[in-house]
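With mmCIF, C-alpha atoms inside, this is run_36.cif:
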data_data
loop_
_atom_site.group_PDB
_atom_site.id
_atom_site.type_symbol
_atom_site.label_atom_id
_atom_site.label_comp_id
_atom_site.auth_asym_id
_atom_site.auth_seq_id
_atom_site.Cartn_x
_atom_site.Cartn_y
_atom_site.Cartn_z
ATOM 1 C CA MET F 1 0.000 0.000 0.000
ATOM 2 C CA GLY F 2 1.065 3.522 -0.643
ATOM 3 C CA GLN F 3 2.034 5.668 2.309
ATOM 4 C CA LEU F 4 -0.091 8.716 3.001
ATOM 5 C CA ASN F 5 1.617 11.807 4.373
ATOM 6 C CA SER F 6 -0.184 13.453 7.175
ATOM 7 C CA PRO F 7 -0.944 17.163 6.889
ATOM 8 C CA GLY F 8 2.059 19.019 8.207
ATOM 9 C CA SER F 9 4.594 16.484 6.917
ATOM 10 C CA SER F 10 6.668 16.771 3.759
ATOM 11 C CA GLU F 11 6.910 14.223 0.972
ATOM 12 C CA ASN F 12 10.167 12.811 2.329
ATOM 13 C CA GLY F 13 8.636 12.234 5.684
ATOM 14 C CA ASP F 14 10.148 15.250 7.477
ATOM 15 C CA GLN F 15 7.818 16.963 9.833
ATOM 16 C CA VAL F 16 7.119 20.690 9.276
ATOM 17 C CA ASN F 17 6.275 22.543 12.436
ATOM 18 C CA PRO F 18 3.984 25.507 11.615
ATOM 19 C CA GLN F 19 5.254 27.366 14.689
ATOM 20 C CA GLU F 20 8.888 27.008 13.576
ATOM 21 C CA ALA F 21 7.993 28.222 10.084
ATOM 22 C CA ALA F 22 6.241 31.264 11.544
ATOM 23 C CA ALA F 23 9.181 31.965 13.847
ATOM 24 C CA GLU F 24 11.609 31.750 10.898
ATOM 25 C CA LYS F 25 9.459 34.184 8.903
ATOM 26 C CA ASN F 26 9.251 36.570 11.857
ATOM 27 C CA SER F 27 13.032 36.389 12.286
ATOM 28 C CA TRP F 28 13.550 37.328 8.627
ATOM 29 C CA VAL F 29 11.112 40.250 8.893
ATOM 30 C CA THR F 30 12.799 41.447 12.085
ATOM 31 C CA GLU F 31 16.234 41.315 10.466
ATOM 32 C CA LEU F 32 14.965 43.245 7.428
ATOM 33 C CA TRP F 33 13.390 45.876 9.682
ATOM 34 C CA ASP F 34 16.673 46.222 11.593
ATOM 35 C CA TRP F 35 18.497 46.847 8.314
ATOM 36 C CA VAL F 36 15.911 49.437 7.236
ATOM 37 C CA LYS F 37 16.257 51.260 10.576
ATOM 38 C CA THR F 38 20.062 51.189 10.386
ATOM 39 C CA ILE F 39 20.092 52.603 6.847
ATOM 40 C CA ALA F 40 17.544 55.293 7.768
ATOM 41 C CA ILE F 41 19.540 56.367 10.844
ATOM 42 C CA ALA F 42 22.786 56.442 8.846
ATOM 43 C CA PHE F 43 21.093 58.545 6.153
ATOM 44 C CA CYS F 44 19.762 61.018 8.736
ATOM 45 C CA ILE F 45 23.201 61.297 10.337
ATOM 46 C CA MET F 46 24.814 61.957 6.944
ATOM 47 C CA VAL F 47 22.214 64.625 6.131
ATOM 48 C CA LEU F 48 22.802 66.362 9.475
ATOM 49 C CA LEU F 49 26.585 66.177 9.074
ATOM 50 C CA ASN F 50 26.272 67.567 5.561
ATOM 51 C CA MET F 51 24.079 70.426 6.786
ATOM 52 C CA PHE F 52 26.103 71.456 9.827
ATOM 53 C CA VAL F 53 29.566 69.863 9.861
ATOM 54 C CA PHE F 54 31.053 69.254 6.422
ATOM 55 C CA ASN F 55 30.281 69.284 2.736
ATOM 56 C CA LEU F 56 31.875 68.012 -0.443
ATOM 57 C CA SER F 57 32.007 70.570 -3.255
ATOM 58 C CA MET F 58 33.197 70.415 -6.837
ATOM 59 C CA VAL F 59 35.299 73.237 -8.283
ATOM 60 C CA LYS F 60 33.774 74.889 -11.328
ATOM 61 C CA GLY F 61 35.552 77.427 -13.485
ATOM 62 C CA GLU F 62 39.121 78.723 -13.382
ATOM 63 C CA SER F 63 39.065 81.602 -10.894
ATOM 64 C CA MET F 64 41.197 79.711 -8.327
ATOM 65 C CA GLN F 65 43.913 78.472 -10.658
ATOM 66 C CA PRO F 66 46.677 77.484 -10.122
ATOM 67 C CA THR F 67 45.608 76.394 -6.618
ATOM 68 C CA LEU F 68 42.431 74.644 -7.727
ATOM 69 C CA GLU F 69 41.417 73.153 -11.056
ATOM 70 C CA ALA F 70 37.933 72.578 -12.449
ATOM 71 C CA SER F 71 36.250 69.305 -11.381
ATOM 72 C CA GLU F 72 38.405 68.831 -8.277
ATOM 73 C CA ARG F 73 36.413 67.873 -5.174
ATOM 74 C CA LEU F 74 36.932 69.809 -1.950
ATOM 75 C CA PHE F 75 36.254 68.874 1.672
ATOM 76 C CA ILE F 76 34.477 71.868 3.231
ATOM 77 C CA ASN F 77 34.593 72.308 7.010
ATOM 78 C CA LYS F 78 31.292 74.008 7.932
ATOM 79 C CA LEU F 79 31.881 73.879 11.682
ATOM 80 C CA VAL F 80 35.244 75.625 11.989
ATOM 81 C CA TYR F 81 33.896 79.182 11.990
ATOM 82 C CA GLN F 82 31.619 78.391 14.930
ATOM 83 C CA PHE F 83 34.775 78.366 17.072
ATOM 84 C CA ALA F 84 37.140 80.747 15.266
ATOM 85 C CA ASP F 85 36.959 83.743 12.968
ATOM 86 C CA PRO F 86 37.878 83.446 9.294
ATOM 87 C CA ASP F 87 41.539 84.277 8.762
ATOM 88 C CA ARG F 88 43.550 85.888 6.018
ATOM 89 C CA GLY F 89 44.635 83.245 3.519
ATOM 90 C CA ASP F 90 41.704 80.899 4.172
ATOM 91 C CA VAL F 91 40.178 79.327 1.073
ATOM 92 C CA ILE F 92 36.433 79.540 1.615
ATOM 93 C CA VAL F 93 33.145 78.625 0.000
ATOM 94 C CA LEU F 94 30.603 81.447 0.088
ATOM 95 C CA LYS F 95 27.181 82.284 -1.251
ATOM 96 C CA ASP F 96 27.538 84.330 -4.414
ATOM 97 C CA PRO F 97 26.611 87.902 -3.383
ATOM 98 C CA SER F 98 26.553 89.207 -6.950
ATOM 99 C CA ASN F 99 23.571 89.839 -9.188
ATOM 100 C CA GLY F 100 23.158 89.299 -12.881
ATOM 101 C CA PRO F 101 22.983 86.480 -15.416
ATOM 102 C CA ASP F 102 26.294 84.920 -14.329
ATOM 103 C CA LYS F 103 25.287 84.635 -10.659
ATOM 104 C CA LYS F 104 26.118 81.229 -9.186
ATOM 105 C CA GLU F 105 24.895 79.540 -6.037
ATOM 106 C CA PHE F 106 28.350 79.284 -4.449
ATOM 107 C CA LEU F 107 31.863 80.575 -5.088
ATOM 108 C CA VAL F 108 35.262 79.461 -3.844
ATOM 109 C CA LYS F 109 37.706 82.300 -3.067
ATOM 110 C CA ARG F 110 40.596 83.238 -0.801
ATOM 111 C CA ILE F 111 40.282 85.758 2.046
ATOM 112 C CA VAL F 112 42.811 88.579 1.573
ATOM 113 C CA GLY F 113 41.281 91.231 3.833
ATOM 114 C CA LEU F 114 39.822 91.034 7.360
ATOM 115 C CA PRO F 115 37.398 93.419 9.117
ATOM 116 C CA GLY F 116 39.170 96.742 9.653
ATOM 117 C CA ASP F 117 41.894 96.049 7.071
ATOM 118 C CA THR F 118 42.640 98.518 4.296
ATOM 119 C CA VAL F 119 43.044 96.740 0.968
ATOM 120 C CA GLU F 120 44.311 98.170 -2.319
ATOM 121 C CA VAL F 121 46.043 97.156 -5.515
ATOM 122 C CA LYS F 122 48.740 99.439 -6.897
ATOM 123 C CA GLY F 123 51.373 98.636 -9.442
ATOM 124 C CA HIS F 124 49.524 95.311 -9.921
ATOM 125 C CA ILE F 125 50.450 94.250 -6.392
ATOM 126 C CA LEU F 126 48.045 93.597 -3.510
ATOM 127 C CA TYR F 127 48.612 95.741 -0.420
ATOM 128 C CA VAL F 128 46.974 95.143 2.960
ATOM 129 C CA ASN F 129 47.347 97.890 5.557
ATOM 130 C CA GLY F 130 50.083 99.445 3.430
ATOM 131 C CA GLU F 131 52.180 96.277 3.180
ATOM 132 C CA ALA F 132 52.766 94.469 -0.111
ATOM 133 C CA GLN F 133 51.573 90.874 0.084
ATOM 134 C CA GLU F 134 53.702 87.949 -1.030
ATOM 135 C CA GLU F 135 51.160 85.628 -2.611
ATOM 136 C CA SER F 136 52.945 82.370 -3.321
ATOM 137 C CA TYR F 137 49.683 80.781 -4.495
ATOM 138 C CA THR F 138 49.501 83.011 -7.611
ATOM 139 C CA ASP F 139 51.480 82.621 -10.828
ATOM 140 C CA VAL F 140 51.343 86.166 -12.262
ATOM 141 C CA PRO F 141 51.055 89.743 -10.938
ATOM 142 C CA ILE F 142 47.511 91.118 -10.887
ATOM 143 C CA GLU F 143 46.623 91.909 -14.500
ATOM 144 C CA ASP F 144 43.306 93.645 -13.728
ATOM 145 C CA PRO F 145 43.321 97.418 -13.076
ATOM 146 C CA ASP F 146 44.595 98.798 -9.767
ATOM 147 C CA PHE F 147 42.060 100.114 -7.251
ATOM 148 C CA ALA F 148 42.197 102.704 -4.483
ATOM 149 C CA PRO F 149 42.341 101.778 -0.774
ATOM 150 C CA ILE F 150 39.191 100.179 0.650
ATOM 151 C CA THR F 151 38.598 99.721 4.388
ATOM 152 C CA ILE F 152 36.707 96.539 5.209
ATOM 153 C CA GLU F 153 33.592 96.923 7.363
ATOM 154 C CA GLU F 154 32.948 94.996 10.561
ATOM 155 C CA ASP F 155 31.901 91.379 9.987
ATOM 156 C CA HIS F 156 32.950 91.622 6.339
ATOM 157 C CA TYR F 157 35.818 90.047 4.386
ATOM 158 C CA PHE F 158 37.573 90.918 1.146
ATOM 159 C CA VAL F 159 38.013 87.896 -1.117
ATOM 160 C CA MET F 160 39.889 87.310 -4.353
ATOM 161 C CA GLY F 161 40.480 84.390 -6.674
ATOM 162 C CA ASP F 162 44.016 83.051 -6.992
ATOM 163 C CA ASN F 163 43.830 83.424 -10.774
ATOM 164 C CA ARG F 164 45.220 86.925 -11.311
ATOM 165 C CA HIS F 165 45.075 86.858 -15.102
ATOM 166 C CA LEU F 166 42.921 89.549 -16.712
ATOM 167 C CA ARG F 167 39.194 89.153 -15.958
ATOM 168 C CA LYS F 168 39.582 85.551 -14.738
ATOM 169 C CA SER F 169 38.050 85.989 -11.271
ATOM 170 C CA LYS F 170 34.765 87.480 -10.135
ATOM 171 C CA ASP F 171 35.438 88.543 -6.545
ATOM 172 C CA SER F 172 35.295 91.436 -4.059
ATOM 173 C CA ARG F 173 36.809 93.767 -6.661
ATOM 174 C CA GLU F 174 33.479 93.382 -8.454
ATOM 175 C CA PHE F 175 30.833 92.672 -5.801
ATOM 176 C CA GLY F 176 32.461 94.237 -2.731
ATOM 177 C CA SER F 177 33.313 92.745 0.631
ATOM 178 C CA VAL F 178 31.510 89.607 1.786
ATOM 179 C CA LYS F 179 29.355 89.329 4.908
ATOM 180 C CA GLU F 180 30.535 86.713 7.383
ATOM 181 C CA SER F 181 27.040 85.201 7.322
ATOM 182 C CA ASP F 182 27.514 84.422 3.610
ATOM 183 C CA ILE F 183 30.552 82.231 4.294
ATOM 184 C CA VAL F 184 29.567 78.556 4.152
ATOM 185 C CA GLY F 185 32.822 77.059 5.380
ATOM 186 C CA ARG F 186 36.556 76.629 4.896
ATOM 187 C CA ALA F 187 37.999 74.392 2.194
ATOM 188 C CA GLU F 188 40.378 72.103 4.095
ATOM 189 C CA PHE F 189 41.799 69.918 1.349
ATOM 190 C CA ILE F 190 41.383 68.545 -2.156
ATOM 191 C CA LEU F 191 39.660 65.177 -1.822
ATOM 192 C CA TRP F 192 39.536 64.085 -5.461
ATOM 193 C CA PRO F 193 41.203 63.082 -7.716
ATOM 194 C CA LEU F 194 43.440 60.963 -5.511
ATOM 195 C CA SER F 195 46.544 62.147 -7.343
ATOM 196 C CA LYS F 196 45.746 65.747 -6.295
ATOM 197 C CA ILE F 197 45.004 65.181 -2.595
ATOM 198 C CA LYS F 198 46.563 67.987 -0.563
ATOM 199 C CA GLY F 199 45.713 70.395 2.214
ATOM 200 C CA LEU F 200 44.778 73.993 1.532
#
Could you spell out this file's structure in structure tokens?
Amino acid sequence: MGQLNSPGSSENGDQVNPQEAAAEKNSWVTELWDWVKTIAIAFCIMVLLNMFVFNLSMVKGESMQPTLEASERLFINKLVYQFADPDRGDVIVLKDPSNGPDKKEFLVKRIVGLPGDTVEVKGHILYVNGEAQEESYTDVPIEDPDFAPITIEEDHYFVMGDNRHLRKSKDSREFGSVKESDIVGRAEFILWPLSKIKGL
């Protein structure tokens, strides 16, 4: 006679316990839910870090040559100016304060003048508080026209691009000094490409 399998048994005679099957299913669902929670928490942490601590930005244009080249990725420290004031020589990312068709969301520039400083260009050389600046990060003297002394207001900064070739940088010579509140953060180093990694 043929053997009949009882309900709850498999064809090979192994017993299938409905409670074990349910427990295995519940275990799988629990593990999936744990993964979903972990990914969601990690995403929220990354969003918060990106908003308040750091950012990754890509260089566009040529206004910071030879220091920075187009398409390089920068690590931007957004927290540093909560504990210290911006300093002369810092490479910063700021909201573009200009108006017009070529307005961008953000710019990357170098701080050359602090609040209270007097900045001028004469003889194609940058002077701060009457002293000629040695700018090792540039490759030519300033080719744009000289300008008369400007005293920087409180909580404002004078910024310029490192590219001093004629009309290669839109900066404070065009749109004036920059409010501290418009500074997003300090560019700490080039992150990409790997062959270009270096601190700023």
Can you build me a table of stretch 135-164 of chain F residues sitting at most 10 Å from stretch 93-108 of chain F, with the closest atom pair per residue and its distance in Å to one decimal, using all atoms listed in the file, sorted by chain and residue number, as CSV?
residue,atom,partner,partner_atom,distance
F:Val159,CA,F:Val108,CA,9.3
F:Met160,CA,F:Val108,CA,9.1
F:Gly161,CA,F:Val108,CA,7.7
F:Asp162,CA,F:Val108,CA,10.0
Could the residues in this selection be written to a file with C-alpha atoms, as an mmCIF file, in the coordinates of the input?
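The resulting file, out_15.cif, is reproduced below:
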data_model
loop_
_atom_site.group_PDB
_atom_site.id
_atom_site.type_symbol
_atom_site.label_atom_id
_atom_site.label_comp_id
_atom_site.auth_asym_id
_atom_site.auth_seq_id
_atom_site.Cartn_x
_atom_site.Cartn_y
_atom_site.Cartn_z
ATOM 1 C CA VAL F 159 38.013 87.896 -1.117
ATOM 2 C CA MET F 160 39.889 87.310 -4.353
ATOM 3 C CA GLY F 161 40.480 84.390 -6.674
ATOM 4 C CA ASP F 162 44.016 83.051 -6.992
#
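We find atom CA of F:Ile125 and atom CA of F:Pro141 to be spaced 6.4 Å apart.
Atom to atom, atom CA of F:Lys168 and atom CA of F:Glu131 stand 24.4 Å apart.
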Quiz item: Could you pull the residues within 9 Å of F:Ile152, counting all atoms listed in the file, minus those fewer than 4 positions along the same chain, as a PyMOL selection string?
Solution: chain F and resi 113-119+156-158+177
Mind working out the centre and edge lengths of an axis-aligned box for stretch 79-89 of chain F, all listed atoms inside, 5 Å added to each side, rounded to one decimal in Å and written as JSON?
{"center_x": 38.1, "center_y": 79.9, "center_z": 10.3, "size_x": 23.0, "size_y": 22.0, "size_z": 23.6}
Keeping N, CA, C and O atoms (and nothing else), can you write stretch 68-105 of chain F of this structure as a compact mmCIF listing (two decimals), in the first residue's frame?
# COMPACT_ATOMS: atom_id res chain seq x y z
N LEU F 68 43.50 75.61 -7.50
CA LEU F 68 42.43 74.64 -7.73
C LEU F 68 42.10 74.58 -9.21
O LEU F 68 42.10 75.60 -9.89
N GLU F 69 41.79 73.37 -9.67
CA GLU F 69 41.42 73.15 -11.06
C GLU F 69 39.96 72.71 -11.12
O GLU F 69 39.42 72.16 -10.16
N ALA F 70 39.32 72.98 -12.25
CA ALA F 70 37.93 72.58 -12.45
C ALA F 70 37.78 71.07 -12.25
O ALA F 70 38.65 70.29 -12.61
N SER F 71 36.66 70.70 -11.64
CA SER F 71 36.25 69.31 -11.38
C SER F 71 36.94 68.67 -10.18
O SER F 71 36.64 67.52 -9.84
N GLU F 72 37.86 69.36 -9.52
CA GLU F 72 38.40 68.83 -8.28
C GLU F 72 37.35 68.90 -7.18
O GLU F 72 36.52 69.81 -7.16
N ARG F 73 37.36 67.91 -6.29
CA ARG F 73 36.41 67.87 -5.17
C ARG F 73 37.10 68.37 -3.91
O ARG F 73 38.21 67.96 -3.61
N LEU F 74 36.39 69.22 -3.17
CA LEU F 74 36.93 69.81 -1.95
C LEU F 74 36.17 69.33 -0.73
O LEU F 74 34.94 69.16 -0.78
N PHE F 75 36.89 69.14 0.37
CA PHE F 75 36.25 68.87 1.67
C PHE F 75 36.07 70.22 2.36
O PHE F 75 37.04 70.92 2.64
N ILE F 76 34.81 70.57 2.65
CA ILE F 76 34.48 71.87 3.23
C ILE F 76 34.10 71.69 4.70
O ILE F 76 33.15 70.97 5.02
N ASN F 77 34.86 72.33 5.57
CA ASN F 77 34.59 72.31 7.01
C ASN F 77 33.58 73.41 7.33
O ASN F 77 33.91 74.59 7.28
N LYS F 78 32.35 73.03 7.67
CA LYS F 78 31.29 74.01 7.93
C LYS F 78 31.19 74.37 9.40
O LYS F 78 30.44 75.27 9.77
N LEU F 79 31.97 73.68 10.24
CA LEU F 79 31.88 73.88 11.68
C LEU F 79 32.96 74.81 12.21
O LEU F 79 32.79 75.43 13.27
N VAL F 80 34.06 74.94 11.47
CA VAL F 80 35.24 75.63 11.99
C VAL F 80 34.97 77.06 12.40
O VAL F 80 35.49 77.53 13.43
N TYR F 81 34.12 77.78 11.67
CA TYR F 81 33.90 79.18 11.99
C TYR F 81 32.87 79.39 13.11
O TYR F 81 32.54 80.53 13.43
N GLN F 82 32.41 78.29 13.70
CA GLN F 82 31.62 78.39 14.93
C GLN F 82 32.54 78.62 16.13
O GLN F 82 32.09 79.07 17.18
N PHE F 83 33.82 78.29 15.96
CA PHE F 83 34.77 78.37 17.07
C PHE F 83 35.91 79.36 16.83
O PHE F 83 36.65 79.69 17.76
N ALA F 84 36.07 79.80 15.59
CA ALA F 84 37.14 80.75 15.27
C ALA F 84 36.69 81.64 14.12
O ALA F 84 35.83 81.26 13.33
N ASP F 85 37.29 82.82 14.05
CA ASP F 85 36.96 83.74 12.97
C ASP F 85 37.71 83.35 11.71
O ASP F 85 38.82 82.79 11.77
N PRO F 86 37.13 83.65 10.54
CA PRO F 86 37.88 83.45 9.29
C PRO F 86 39.19 84.22 9.33
O PRO F 86 39.27 85.31 9.91
N ASP F 87 40.22 83.67 8.70
CA ASP F 87 41.54 84.28 8.76
C ASP F 87 42.03 84.59 7.36
O ASP F 87 41.59 83.99 6.37
N ARG F 88 42.95 85.54 7.29
CA ARG F 88 43.55 85.89 6.02
C ARG F 88 44.27 84.68 5.44
O ARG F 88 45.01 83.98 6.13
N GLY F 89 44.03 84.40 4.18
CA GLY F 89 44.63 83.25 3.52
C GLY F 89 43.73 82.03 3.45
O GLY F 89 44.01 81.10 2.68
N ASP F 90 42.64 82.03 4.23
CA ASP F 90 41.70 80.90 4.17
C ASP F 90 41.06 80.81 2.80
O ASP F 90 40.64 81.83 2.22
N VAL F 91 40.96 79.58 2.28
CA VAL F 91 40.18 79.33 1.07
C VAL F 91 38.78 78.95 1.54
O VAL F 91 38.61 78.00 2.31
N ILE F 92 37.79 79.71 1.09
CA ILE F 92 36.43 79.54 1.61
C ILE F 92 35.43 79.30 0.49
O ILE F 92 35.67 79.64 -0.67
N VAL F 93 34.32 78.70 0.87
CA VAL F 93 33.15 78.62 0.00
C VAL F 93 32.13 79.60 0.54
O VAL F 93 31.87 79.64 1.75
N LEU F 94 31.56 80.43 -0.33
CA LEU F 94 30.60 81.45 0.09
C LEU F 94 29.43 81.51 -0.87
O LEU F 94 29.53 81.07 -2.03
N LYS F 95 28.33 82.04 -0.38
CA LYS F 95 27.18 82.28 -1.25
C LYS F 95 27.53 83.44 -2.17
O LYS F 95 28.08 84.46 -1.73
N ASP F 96 27.22 83.29 -3.44
CA ASP F 96 27.54 84.33 -4.41
C ASP F 96 26.71 85.58 -4.12
O ASP F 96 25.48 85.55 -4.23
N PRO F 97 27.36 86.69 -3.72
CA PRO F 97 26.61 87.90 -3.38
C PRO F 97 26.29 88.78 -4.59
O PRO F 97 25.65 89.83 -4.44
N SER F 98 26.74 88.37 -5.77
CA SER F 98 26.55 89.21 -6.95
C SER F 98 25.15 89.06 -7.51
O SER F 98 24.37 88.20 -7.10
N ASN F 99 24.83 89.91 -8.46
CA ASN F 99 23.57 89.84 -9.19
C ASN F 99 23.89 89.80 -10.68
O ASN F 99 24.97 90.17 -11.10
N GLY F 100 22.94 89.34 -11.44
CA GLY F 100 23.16 89.30 -12.88
C GLY F 100 23.07 87.89 -13.43
O GLY F 100 22.91 86.92 -12.69
N PRO F 101 23.18 87.78 -14.75
CA PRO F 101 22.98 86.48 -15.42
C PRO F 101 24.05 85.44 -15.08
O PRO F 101 23.81 84.25 -15.24
N ASP F 102 25.23 85.88 -14.64
CA ASP F 102 26.29 84.92 -14.33
C ASP F 102 26.36 84.58 -12.84
O ASP F 102 27.34 83.98 -12.38
N LYS F 103 25.33 84.95 -12.09
CA LYS F 103 25.29 84.64 -10.66
C LYS F 103 25.25 83.13 -10.45
O LYS F 103 24.50 82.41 -11.12
N LYS F 104 26.07 82.65 -9.52
CA LYS F 104 26.12 81.23 -9.19
C LYS F 104 25.61 81.04 -7.76
O LYS F 104 25.46 82.00 -7.01
N GLU F 105 25.36 79.80 -7.40
CA GLU F 105 24.90 79.54 -6.04
C GLU F 105 26.03 79.74 -5.04
O GLU F 105 25.86 80.40 -4.01
